[in-house]
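Here's coords-v4.cif, which has mmCIF, C-alpha atoms, pLDDT in the B column; chains and numbers go by the auth columns:
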```
data_final
#
loop_
_atom_site.group_PDB
_atom_site.id
_atom_site.type_symbol
_atom_site.label_atom_id
_atom_site.label_comp_id
_atom_site.label_asym_id
_atom_site.label_seq_id
_atom_site.Cartn_x
_atom_site.Cartn_y
_atom_site.Cartn_z
_atom_site.B_iso_or_equiv
_atom_site.auth_seq_id
_atom_site.auth_asym_id
ATOM 1 C CA MET A 1 48.927 88.113 107.746 58.00 1 A
ATOM 2 C CA GLY A 2 46.879 87.672 110.889 69.00 2 A
ATOM 3 C CA VAL A 3 43.711 86.218 112.329 79.00 3 A
ATOM 4 C CA ILE A 4 40.337 87.895 112.689 83.00 4 A
ATOM 5 C CA TYR A 5 38.106 86.476 115.419 85.00 5 A
ATOM 6 C CA LYS A 6 34.389 87.113 115.039 85.00 6 A
ATOM 7 C CA ASN A 7 32.610 86.469 118.307 86.00 7 A
ATOM 8 C CA ASP A 8 28.848 86.107 118.678 86.00 8 A
ATOM 9 C CA SER A 9 28.579 85.328 114.962 87.00 9 A
ATOM 10 C CA GLY A 10 26.677 82.084 114.634 89.00 10 A
ATOM 11 C CA VAL A 11 26.789 80.456 111.185 91.00 11 A
ATOM 12 C CA LYS A 12 23.356 80.319 109.574 91.00 12 A
ATOM 13 C CA LYS A 13 24.103 79.185 106.044 93.00 13 A
ATOM 14 C CA ILE A 14 26.923 78.297 103.659 94.00 14 A
ATOM 15 C CA LYS A 15 26.773 77.951 99.902 93.00 15 A
ATOM 16 C CA LYS A 16 29.039 77.524 96.901 91.00 16 A
ATOM 17 C CA ILE A 17 29.483 80.541 94.655 88.00 17 A
ATOM 18 C CA GLU A 18 29.280 80.080 90.930 78.00 18 A
ATOM 19 C CA LYS A 19 32.207 81.939 89.397 69.00 19 A
ATOM 20 C CA LYS A 20 31.161 84.715 87.049 59.00 20 A
ATOM 21 C CA HIS A 21 33.053 87.211 84.927 55.00 21 A
ATOM 22 C CA THR A 22 32.265 90.489 86.643 55.00 22 A
ATOM 23 C CA ASP A 23 33.961 93.736 87.517 52.00 23 A
ATOM 24 C CA ILE A 24 34.193 92.660 91.142 53.00 24 A
ATOM 25 C CA ASP A 25 37.816 92.510 92.276 52.00 25 A
ATOM 26 C CA TYR A 26 37.331 89.471 94.473 53.00 26 A
ATOM 27 C CA GLN A 27 34.849 86.659 94.456 57.00 27 A
ATOM 28 C CA GLY A 28 35.335 83.696 96.762 72.00 28 A
ATOM 29 C CA ARG A 29 34.319 80.067 96.323 89.00 29 A
ATOM 30 C CA TYR A 30 32.057 79.964 99.368 93.00 30 A
ATOM 31 C CA GLN A 31 29.677 82.395 100.976 93.00 31 A
ATOM 32 C CA VAL A 32 29.204 82.067 104.733 94.00 32 A
ATOM 33 C CA THR A 33 26.172 83.824 106.184 94.00 33 A
ATOM 34 C CA THR A 34 26.354 84.525 109.908 92.00 34 A
ATOM 35 C CA THR A 35 24.290 86.498 112.359 92.00 35 A
ATOM 36 C CA ALA A 36 26.720 89.367 111.709 89.00 36 A
ATOM 37 C CA GLY A 37 26.465 89.306 107.904 91.00 37 A
ATOM 38 C CA SER A 38 27.921 87.409 104.938 92.00 38 A
ATOM 39 C CA VAL A 39 31.555 86.871 103.966 89.00 39 A
ATOM 40 C CA GLU A 40 33.154 85.107 100.998 90.00 40 A
ATOM 41 C CA TYR A 41 36.095 82.719 101.282 90.00 41 A
ATOM 42 C CA ASP A 42 38.270 80.643 98.958 91.00 42 A
ATOM 43 C CA TYR A 43 39.135 78.100 101.649 93.00 43 A
ATOM 44 C CA LEU A 44 36.692 76.847 104.247 95.00 44 A
ATOM 45 C CA VAL A 45 37.240 74.464 107.166 96.00 45 A
ATOM 46 C CA LEU A 46 34.089 73.018 108.700 96.00 46 A
ATOM 47 C CA ALA A 47 34.833 72.242 112.341 95.00 47 A
ATOM 48 C CA ASN A 48 31.390 72.469 113.904 93.00 48 A
ATOM 49 C CA GLY A 49 31.396 69.256 115.905 94.00 49 A
ATOM 50 C CA VAL A 50 28.110 67.377 115.697 93.00 50 A
ATOM 51 C CA PHE A 51 26.620 70.135 113.518 93.00 51 A
ATOM 52 C CA THR A 52 29.203 69.752 110.735 95.00 52 A
ATOM 53 C CA PRO A 53 27.102 67.386 108.565 94.00 53 A
ATOM 54 C CA LEU A 54 24.141 69.777 108.713 93.00 54 A
ATOM 55 C CA LEU A 55 26.268 72.540 107.220 94.00 55 A
ATOM 56 C CA ALA A 56 27.990 70.195 104.770 94.00 56 A
ATOM 57 C CA THR A 57 24.640 69.079 103.368 94.00 57 A
ATOM 58 C CA GLN A 58 23.816 72.701 102.550 94.00 58 A
ATOM 59 C CA LEU A 59 26.553 72.586 99.926 93.00 59 A
ATOM 60 C CA SER A 60 25.295 69.346 98.354 91.00 60 A
ATOM 61 C CA MET A 61 24.134 65.882 99.315 89.00 61 A
ATOM 62 C CA ALA A 62 27.446 64.504 98.013 89.00 62 A
ATOM 63 C CA VAL A 63 29.389 66.729 100.399 92.00 63 A
ATOM 64 C CA GLY A 64 27.079 65.697 103.227 92.00 64 A
ATOM 65 C CA ALA A 65 27.765 62.041 102.424 91.00 65 A
ATOM 66 C CA SER A 66 31.465 62.726 103.042 92.00 66 A
ATOM 67 C CA CYS A 67 30.613 63.717 106.608 95.00 67 A
ATOM 68 C CA PRO A 68 28.902 60.722 108.267 95.00 68 A
ATOM 69 C CA VAL A 69 29.029 62.196 111.768 95.00 69 A
ATOM 70 C CA TYR A 70 26.372 61.338 114.348 94.00 70 A
ATOM 71 C CA PRO A 71 25.862 63.031 117.724 93.00 71 A
ATOM 72 C CA LEU A 72 26.296 60.729 120.703 90.00 72 A
ATOM 73 C CA LYS A 73 25.001 62.305 123.895 88.00 73 A
ATOM 74 C CA GLY A 74 27.513 61.436 126.565 85.00 74 A
ATOM 75 C CA TYR A 75 27.550 62.204 130.264 84.00 75 A
ATOM 76 C CA SER A 76 30.219 62.789 132.855 83.00 76 A
ATOM 77 C CA LEU A 77 29.797 62.633 136.607 82.00 77 A
ATOM 78 C CA THR A 78 32.042 64.867 138.717 82.00 78 A
ATOM 79 C CA LEU A 79 32.407 63.739 142.322 77.00 79 A
ATOM 80 C CA CYS A 80 33.793 66.010 145.005 75.00 80 A
ATOM 81 C CA ALA A 81 34.926 64.433 148.254 69.00 81 A
ATOM 82 C CA ALA A 82 34.338 66.291 151.499 65.00 82 A
ATOM 83 C CA SER A 83 37.509 67.184 153.386 61.00 83 A
ATOM 84 C CA ASP A 84 37.006 64.467 156.010 61.00 84 A
ATOM 85 C CA GLN A 85 36.577 61.836 153.278 61.00 85 A
ATOM 86 C CA THR A 86 39.719 62.603 151.283 59.00 86 A
ATOM 87 C CA ARG A 87 42.048 60.669 153.578 56.00 87 A
ATOM 88 C CA ASN A 88 39.857 57.554 153.502 60.00 88 A
ATOM 89 C CA LEU A 89 39.761 57.604 149.719 60.00 89 A
ATOM 90 C CA ALA A 90 43.490 58.240 149.419 55.00 90 A
ATOM 91 C CA ASP A 91 44.241 55.258 151.639 55.00 91 A
ATOM 92 C CA LYS A 92 41.690 52.957 150.039 54.00 92 A
ATOM 93 C CA ASN A 93 43.185 49.518 149.300 47.00 93 A
ATOM 94 C CA SER A 94 43.236 48.449 145.675 49.00 94 A
ATOM 95 C CA THR A 95 42.528 44.930 144.471 50.00 95 A
ATOM 96 C CA THR A 96 46.268 44.199 144.588 52.00 96 A
ATOM 97 C CA GLY A 97 46.393 44.829 148.312 55.00 97 A
ATOM 98 C CA THR A 98 48.654 47.866 147.936 55.00 98 A
ATOM 99 C CA LYS A 99 47.650 51.329 149.031 57.00 99 A
ATOM 100 C CA GLU A 100 46.671 53.576 146.164 57.00 100 A
ATOM 101 C CA ASN A 101 45.334 57.116 145.953 59.00 101 A
ATOM 102 C CA PHE A 102 42.100 56.647 144.028 59.00 102 A
ATOM 103 C CA LEU A 103 41.697 60.419 143.744 61.00 103 A
ATOM 104 C CA LYS A 104 44.847 60.666 141.632 63.00 104 A
ATOM 105 C CA THR A 105 44.984 57.343 139.797 66.00 105 A
ATOM 106 C CA PRO A 106 43.219 56.962 136.411 68.00 106 A
ATOM 107 C CA LEU A 107 41.251 53.730 136.266 69.00 107 A
ATOM 108 C CA SER A 108 38.551 51.957 134.278 71.00 108 A
ATOM 109 C CA PHE A 109 35.782 49.683 135.429 70.00 109 A
ATOM 110 C CA ASP A 110 33.461 47.863 133.030 74.00 110 A
ATOM 111 C CA HIS A 111 34.221 50.425 130.276 74.00 111 A
ATOM 112 C CA MET A 112 33.620 53.326 132.620 77.00 112 A
ATOM 113 C CA TYR A 113 36.615 55.645 132.917 79.00 113 A
ATOM 114 C CA CYS A 114 37.606 57.674 135.950 79.00 114 A
ATOM 115 C CA THR A 115 40.259 60.398 136.070 79.00 115 A
ATOM 116 C CA SER A 116 41.389 62.951 138.616 76.00 116 A
ATOM 117 C CA VAL A 117 40.459 66.595 137.958 77.00 117 A
ATOM 118 C CA GLY A 118 41.592 68.008 141.298 74.00 118 A
ATOM 119 C CA PRO A 119 43.073 67.081 144.689 72.00 119 A
ATOM 120 C CA ASP A 120 39.666 65.973 145.991 74.00 120 A
ATOM 121 C CA MET A 121 37.727 65.592 142.770 77.00 121 A
ATOM 122 C CA VAL A 122 37.275 62.834 140.165 78.00 122 A
ATOM 123 C CA ARG A 123 35.313 62.587 136.932 82.00 123 A
ATOM 124 C CA LEU A 124 33.589 59.443 135.729 82.00 124 A
ATOM 125 C CA ALA A 125 32.505 58.986 132.085 83.00 125 A
ATOM 126 C CA GLY A 126 31.523 56.207 129.714 79.00 126 A
ATOM 127 C CA PHE A 127 27.738 56.394 129.478 78.00 127 A
ATOM 128 C CA GLY A 128 25.998 57.679 126.341 81.00 128 A
ATOM 129 C CA GLU A 129 22.662 57.830 124.557 83.00 129 A
ATOM 130 C CA ILE A 130 21.643 58.043 120.899 83.00 130 A
ATOM 131 C CA LYS A 131 19.153 60.892 120.816 81.00 131 A
ATOM 132 C CA GLY A 132 19.616 62.712 117.510 85.00 132 A
ATOM 133 C CA PHE A 133 20.893 66.220 116.962 86.00 133 A
ATOM 134 C CA PRO A 134 20.877 68.355 120.099 81.00 134 A
ATOM 135 C CA LYS A 135 18.247 70.870 121.048 79.00 135 A
ATOM 136 C CA LYS A 136 18.594 73.600 123.633 71.00 136 A
ATOM 137 C CA GLU A 137 16.885 71.577 126.354 68.00 137 A
ATOM 138 C CA ASP A 138 19.306 68.670 125.782 66.00 138 A
ATOM 139 C CA TYR A 139 22.089 70.608 127.494 66.00 139 A
ATOM 140 C CA ASP A 140 20.341 70.535 130.857 64.00 140 A
ATOM 141 C CA GLU A 141 21.532 68.140 133.547 57.00 141 A
ATOM 142 C CA GLY A 142 21.193 64.517 132.577 52.00 142 A
ATOM 143 C CA PRO A 143 17.946 62.642 133.186 56.00 143 A
ATOM 144 C CA GLY A 144 17.499 60.239 136.064 64.00 144 A
ATOM 145 C CA VAL A 145 18.769 57.201 134.164 75.00 145 A
ATOM 146 C CA ALA A 146 22.148 58.786 133.404 75.00 146 A
ATOM 147 C CA LYS A 147 22.617 60.029 136.943 74.00 147 A
ATOM 148 C CA ASN A 148 21.568 56.686 138.405 79.00 148 A
ATOM 149 C CA VAL A 149 23.878 54.651 136.138 81.00 149 A
ATOM 150 C CA LEU A 150 26.903 56.866 136.804 80.00 150 A
ATOM 151 C CA ASN A 151 26.253 57.004 140.548 78.00 151 A
ATOM 152 C CA LYS A 152 25.979 53.213 140.615 80.00 152 A
ATOM 153 C CA TYR A 153 29.400 52.826 139.025 79.00 153 A
ATOM 154 C CA ALA A 154 30.829 55.485 141.320 78.00 154 A
ATOM 155 C CA SER A 155 29.615 53.488 144.326 77.00 155 A
ATOM 156 C CA ASN A 156 31.176 50.302 142.922 75.00 156 A
ATOM 157 C CA ILE A 157 34.535 52.041 142.518 72.00 157 A
ATOM 158 C CA PHE A 158 34.658 54.186 145.634 69.00 158 A
ATOM 159 C CA GLY A 159 32.197 52.517 147.968 66.00 159 A
ATOM 160 C CA ARG A 160 30.101 54.934 150.013 60.00 160 A
ATOM 161 C CA GLU A 161 32.861 57.418 150.785 56.00 161 A
ATOM 162 C CA LEU A 162 31.563 60.022 148.354 58.00 162 A
ATOM 163 C CA LYS A 163 27.924 59.970 149.390 50.00 163 A
ATOM 164 C CA CYS A 164 28.249 63.369 151.086 39.00 164 A
ATOM 165 C CA GLY A 165 30.056 64.976 148.169 42.00 165 A
ATOM 166 C CA THR A 166 28.521 67.265 145.555 47.00 166 A
ATOM 167 C CA ASN A 167 27.781 65.131 142.491 60.00 167 A
ATOM 168 C CA LEU A 168 27.244 66.880 139.145 73.00 168 A
ATOM 169 C CA VAL A 169 26.121 65.175 135.938 78.00 169 A
ATOM 170 C CA ILE A 170 27.013 67.125 132.780 79.00 170 A
ATOM 171 C CA PRO A 171 25.768 66.140 129.291 82.00 171 A
ATOM 172 C CA CYS A 172 27.794 66.758 126.138 85.00 172 A
ATOM 173 C CA PHE A 173 27.434 65.781 122.487 89.00 173 A
ATOM 174 C CA ARG A 174 30.280 63.908 120.848 91.00 174 A
ATOM 175 C CA PRO A 175 30.676 63.687 117.049 94.00 175 A
ATOM 176 C CA ILE A 176 31.019 59.986 116.224 94.00 176 A
ATOM 177 C CA THR A 177 32.048 58.502 112.855 95.00 177 A
ATOM 178 C CA PRO A 178 31.354 54.921 111.684 94.00 178 A
ATOM 179 C CA ASP A 179 34.959 53.842 112.263 94.00 179 A
ATOM 180 C CA ASP A 180 35.494 56.054 115.338 91.00 180 A
ATOM 181 C CA LEU A 181 38.280 58.027 113.624 95.00 181 A
ATOM 182 C CA PRO A 182 38.227 61.780 112.889 96.00 182 A
ATOM 183 C CA LEU A 183 37.558 63.419 109.553 97.00 183 A
ATOM 184 C CA ALA A 184 40.506 65.684 108.795 97.00 184 A
ATOM 185 C CA GLY A 185 41.444 66.866 105.342 95.00 185 A
ATOM 186 C CA SER A 186 40.105 68.005 101.990 94.00 186 A
ATOM 187 C CA VAL A 187 36.733 67.004 100.561 94.00 187 A
ATOM 188 C CA LYS A 188 36.730 65.297 97.163 87.00 188 A
ATOM 189 C CA HIS A 189 35.212 67.227 94.240 83.00 189 A
ATOM 190 C CA CYS A 190 34.872 70.353 96.401 90.00 190 A
ATOM 191 C CA PRO A 191 38.070 72.429 96.070 90.00 191 A
ATOM 192 C CA GLY A 192 38.869 74.592 99.071 93.00 192 A
ATOM 193 C CA LEU A 193 36.645 72.686 101.496 95.00 193 A
ATOM 194 C CA TYR A 194 38.011 70.766 104.497 97.00 194 A
ATOM 195 C CA PHE A 195 36.531 68.889 107.445 97.00 195 A
ATOM 196 C CA HIS A 196 37.855 68.781 110.985 97.00 196 A
ATOM 197 C CA THR A 197 35.395 66.848 113.102 97.00 197 A
ATOM 198 C CA GLY A 198 34.397 63.341 114.209 96.00 198 A
ATOM 199 C CA HIS A 199 36.780 62.987 117.161 95.00 199 A
ATOM 200 C CA GLY A 200 34.173 61.245 119.304 91.00 200 A
ATOM 201 C CA THR A 201 35.293 60.930 122.911 84.00 201 A
ATOM 202 C CA LEU A 202 38.918 61.817 122.098 88.00 202 A
ATOM 203 C CA GLY A 203 38.647 65.468 121.113 89.00 203 A
ATOM 204 C CA TRP A 204 41.177 66.771 123.649 85.00 204 A
ATOM 205 C CA THR A 205 43.495 63.859 122.869 89.00 205 A
ATOM 206 C CA LEU A 206 43.534 64.029 119.064 93.00 206 A
ATOM 207 C CA SER A 207 42.454 67.510 117.982 94.00 207 A
ATOM 208 C CA LEU A 208 45.862 69.232 118.082 94.00 208 A
ATOM 209 C CA ALA A 209 47.424 66.557 115.887 96.00 209 A
ATOM 210 C CA THR A 210 44.537 66.473 113.422 97.00 210 A
ATOM 211 C CA ALA A 211 44.450 70.291 113.299 97.00 211 A
ATOM 212 C CA ASP A 212 48.068 70.164 112.148 97.00 212 A
ATOM 213 C CA CYS A 213 47.028 67.706 109.421 96.00 213 A
ATOM 214 C CA VAL A 214 44.253 70.018 108.203 97.00 214 A
ATOM 215 C CA ALA A 215 46.635 72.996 108.254 95.00 215 A
ATOM 216 C CA GLN A 216 49.080 71.054 106.062 94.00 216 A
ATOM 217 C CA ALA A 217 46.302 70.213 103.589 94.00 217 A
ATOM 218 C CA VAL A 218 45.163 73.848 103.392 94.00 218 A
ATOM 219 C CA CYS A 219 48.699 75.219 102.988 92.00 219 A
ATOM 220 C CA ASP A 220 49.494 72.707 100.259 90.00 220 A
ATOM 221 C CA ASP A 221 46.440 73.888 98.317 90.00 221 A
ATOM 222 C CA ILE A 222 47.018 77.606 98.900 88.00 222 A
ATOM 223 C CA GLU A 223 50.642 77.380 97.825 86.00 223 A
ATOM 224 C CA ARG A 224 49.713 74.960 95.030 81.00 224 A
ATOM 225 C CA ARG A 225 52.329 72.493 96.165 77.00 225 A
ATOM 226 C CA GLU A 226 52.463 69.194 94.351 70.00 226 A
ATOM 227 C CA ASP A 227 52.382 66.877 97.332 65.00 227 A
ATOM 228 C CA ASP A 228 53.151 63.280 96.433 70.00 228 A
ATOM 229 C CA SER A 229 53.283 62.187 100.066 83.00 229 A
ATOM 230 C CA ASP A 230 50.576 59.858 101.291 90.00 230 A
ATOM 231 C CA SER A 231 51.069 60.916 104.931 93.00 231 A
ATOM 232 C CA TYR A 232 50.910 63.976 107.132 94.00 232 A
ATOM 233 C CA ILE A 233 54.073 64.693 109.108 93.00 233 A
ATOM 234 C CA LEU A 234 53.698 66.083 112.631 94.00 234 A
ATOM 235 C CA PRO A 235 56.310 68.288 114.373 93.00 235 A
ATOM 236 C CA ASP A 236 57.795 65.267 116.156 93.00 236 A
ATOM 237 C CA ASN A 237 58.136 63.480 112.773 94.00 237 A
ATOM 238 C CA THR A 238 55.224 61.164 113.509 93.00 238 A
ATOM 239 C CA THR A 239 53.473 60.255 110.253 94.00 239 A
ATOM 240 C CA ILE A 240 49.722 59.783 109.822 95.00 240 A
ATOM 241 C CA PRO A 241 48.445 58.191 106.588 95.00 241 A
ATOM 242 C CA LYS A 242 46.108 60.638 104.855 94.00 242 A
ATOM 243 C CA ARG A 243 43.685 57.884 103.892 94.00 243 A
ATOM 244 C CA VAL A 244 43.052 57.115 107.592 96.00 244 A
ATOM 245 C CA LEU A 245 41.648 60.590 108.240 96.00 245 A
ATOM 246 C CA SER A 246 40.324 61.399 104.776 96.00 246 A
ATOM 247 C CA PRO A 247 36.679 62.547 104.625 95.00 247 A
ATOM 248 C CA ASN A 248 36.509 60.690 101.309 94.00 248 A
ATOM 249 C CA ARG A 249 37.001 57.230 102.810 94.00 249 A
ATOM 250 C CA PHE A 250 33.247 56.654 103.118 92.00 250 A
ATOM 251 C CA VAL A 251 32.239 57.642 99.571 87.00 251 A
#
```
I'd like the structure from this file rewritten - as structure tokens, please.
Amino acid sequence: MGVIYKNDSGVKKIKKIEKKHTDIDYQGRYQVTTTAGSVEYDYLVLANGVFTPLLATQLSMAVGASCPVYPLKGYSLTLCAASDQTRNLADKNSTTGTKENFLKTPLSFDHMYCTSVGPDMVRLAGFGEIKGFPKKEDYDEGPGVAKNVLNKYASNIFGRELKCGTNLVIPCFRPITPDDLPLAGSVKHCPGLYFHTGHGTLGWTLSLATADCVAQAVCDDIERREDDSDSYILPDNTTIPKRVLSPNRFV
């Protein structure tokens, strides 16, 4: 067995296939139409971020209801200190009176979060807008309000030391669920269909663990294992209750 990667093949449509008695050797449960053609599959994982519910609804409204994901347009501000400013920032006194390198110390301020992404670079995030599903123009640099809000918080944290740096505001769309927990697992009444989305602002933090959960669910179904466990078990023996991540918890 192996993996086939199909690049530059955007998904246009998915649909369920009604099983028929034909002379065809193989007939899958789902047909996926891409810009490179159509393929049939027995097992399908929808992991399309904020676009997952749009594809899920193509299968049925009931399937779409199992994927209550909404796109939150978030912004990050990357601040780069000039070489002559780095020392001042590194020696900046914290509120405790001790010296602390603010370029290397994660911190939060009024629900804004700042982390180091380089020896002279920090990234500030925590500002978002509800704008609906993204369009092409939404991926341009953030509007004035986002840049102004983030720059204001940057000034409160770092003072004026970064005013000569190169500041870059980058928008991104985050798939948010009602309870702010991912959807990872099989979809009720739709055999062979799985969701892996809804990680919100914690995609990098949670996605490897939840991917393992989805892989366990798929393998159990493929191998027709009778799994009486109510939890996923990660490689380090951490257990995650299936109901916590189940796409069926909202229906």
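As for CA of Tyr153 in chain A and CA of Lys131 in chain A, they are spaced 22.4 Å apart.
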Output check: residues returned by the PyMOL selection byres ((chain A and resi 33-37) around 7), as a PDB file with C-alpha atoms, in the frame of the given file:
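New file part28.pdb:
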```pdb
ATOM      1  CA  SER A   9      28.579  85.328 114.962  1.00 87.00           C
ATOM      2  CA  GLY A  10      26.677  82.084 114.634  1.00 89.00           C
ATOM      3  CA  VAL A  11      26.789  80.456 111.185  1.00 91.00           C
ATOM      4  CA  LYS A  12      23.356  80.319 109.574  1.00 91.00           C
ATOM      5  CA  LYS A  13      24.103  79.185 106.044  1.00 93.00           C
ATOM      6  CA  ILE A  14      26.923  78.297 103.659  1.00 94.00           C
ATOM      7  CA  GLN A  31      29.677  82.395 100.976  1.00 93.00           C
ATOM      8  CA  VAL A  32      29.204  82.067 104.733  1.00 94.00           C
ATOM      9  CA  SER A  38      27.921  87.409 104.938  1.00 92.00           C
ATOM     10  CA  VAL A  39      31.555  86.871 103.966  1.00 89.00           C
TER      11      VAL A  39
END
```
(message) Between A:Pro134, A:Pro191, A:Leu55, A:Glu40, which residue has the minimum interatomic distance to Arg224 in chain A, considering all atoms listed in the file?
(response) A:Pro191
(request) With the file shown as input, list the residues that the PyMOL selection byres ((chain A and resi 241) around 10) selects, as a PyMOL selection string. (result) chain A and resi 229-233+239-240+242-246
(message) Using all atoms listed in the file for the distances, tell me which of A:Asp8, A:Glu223, A:Asp42, A:Glu129 is nearest to Tyr194 in chain A.
(response)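 Smallest distance to Tyr194 in chain A is found for A:Asp42.
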(request) Excluding range 168-184 of chain A and any residue of its chain fewer than 6 positions from it, enumerate the residues within 7 Å of it, using all atoms listed in the file, and give them as a ChimeraX atom specification. (result) /A:49-50,68-79,139,141-142,147,195-201,210,213-214,245-247
(message) Between CA of Cys67 in chain A and CA of Pro53 in chain A, what distance in Å does the model show, to one decimal?
(response)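 Rounded to one decimal, the two atoms are 5.4 Å apart.
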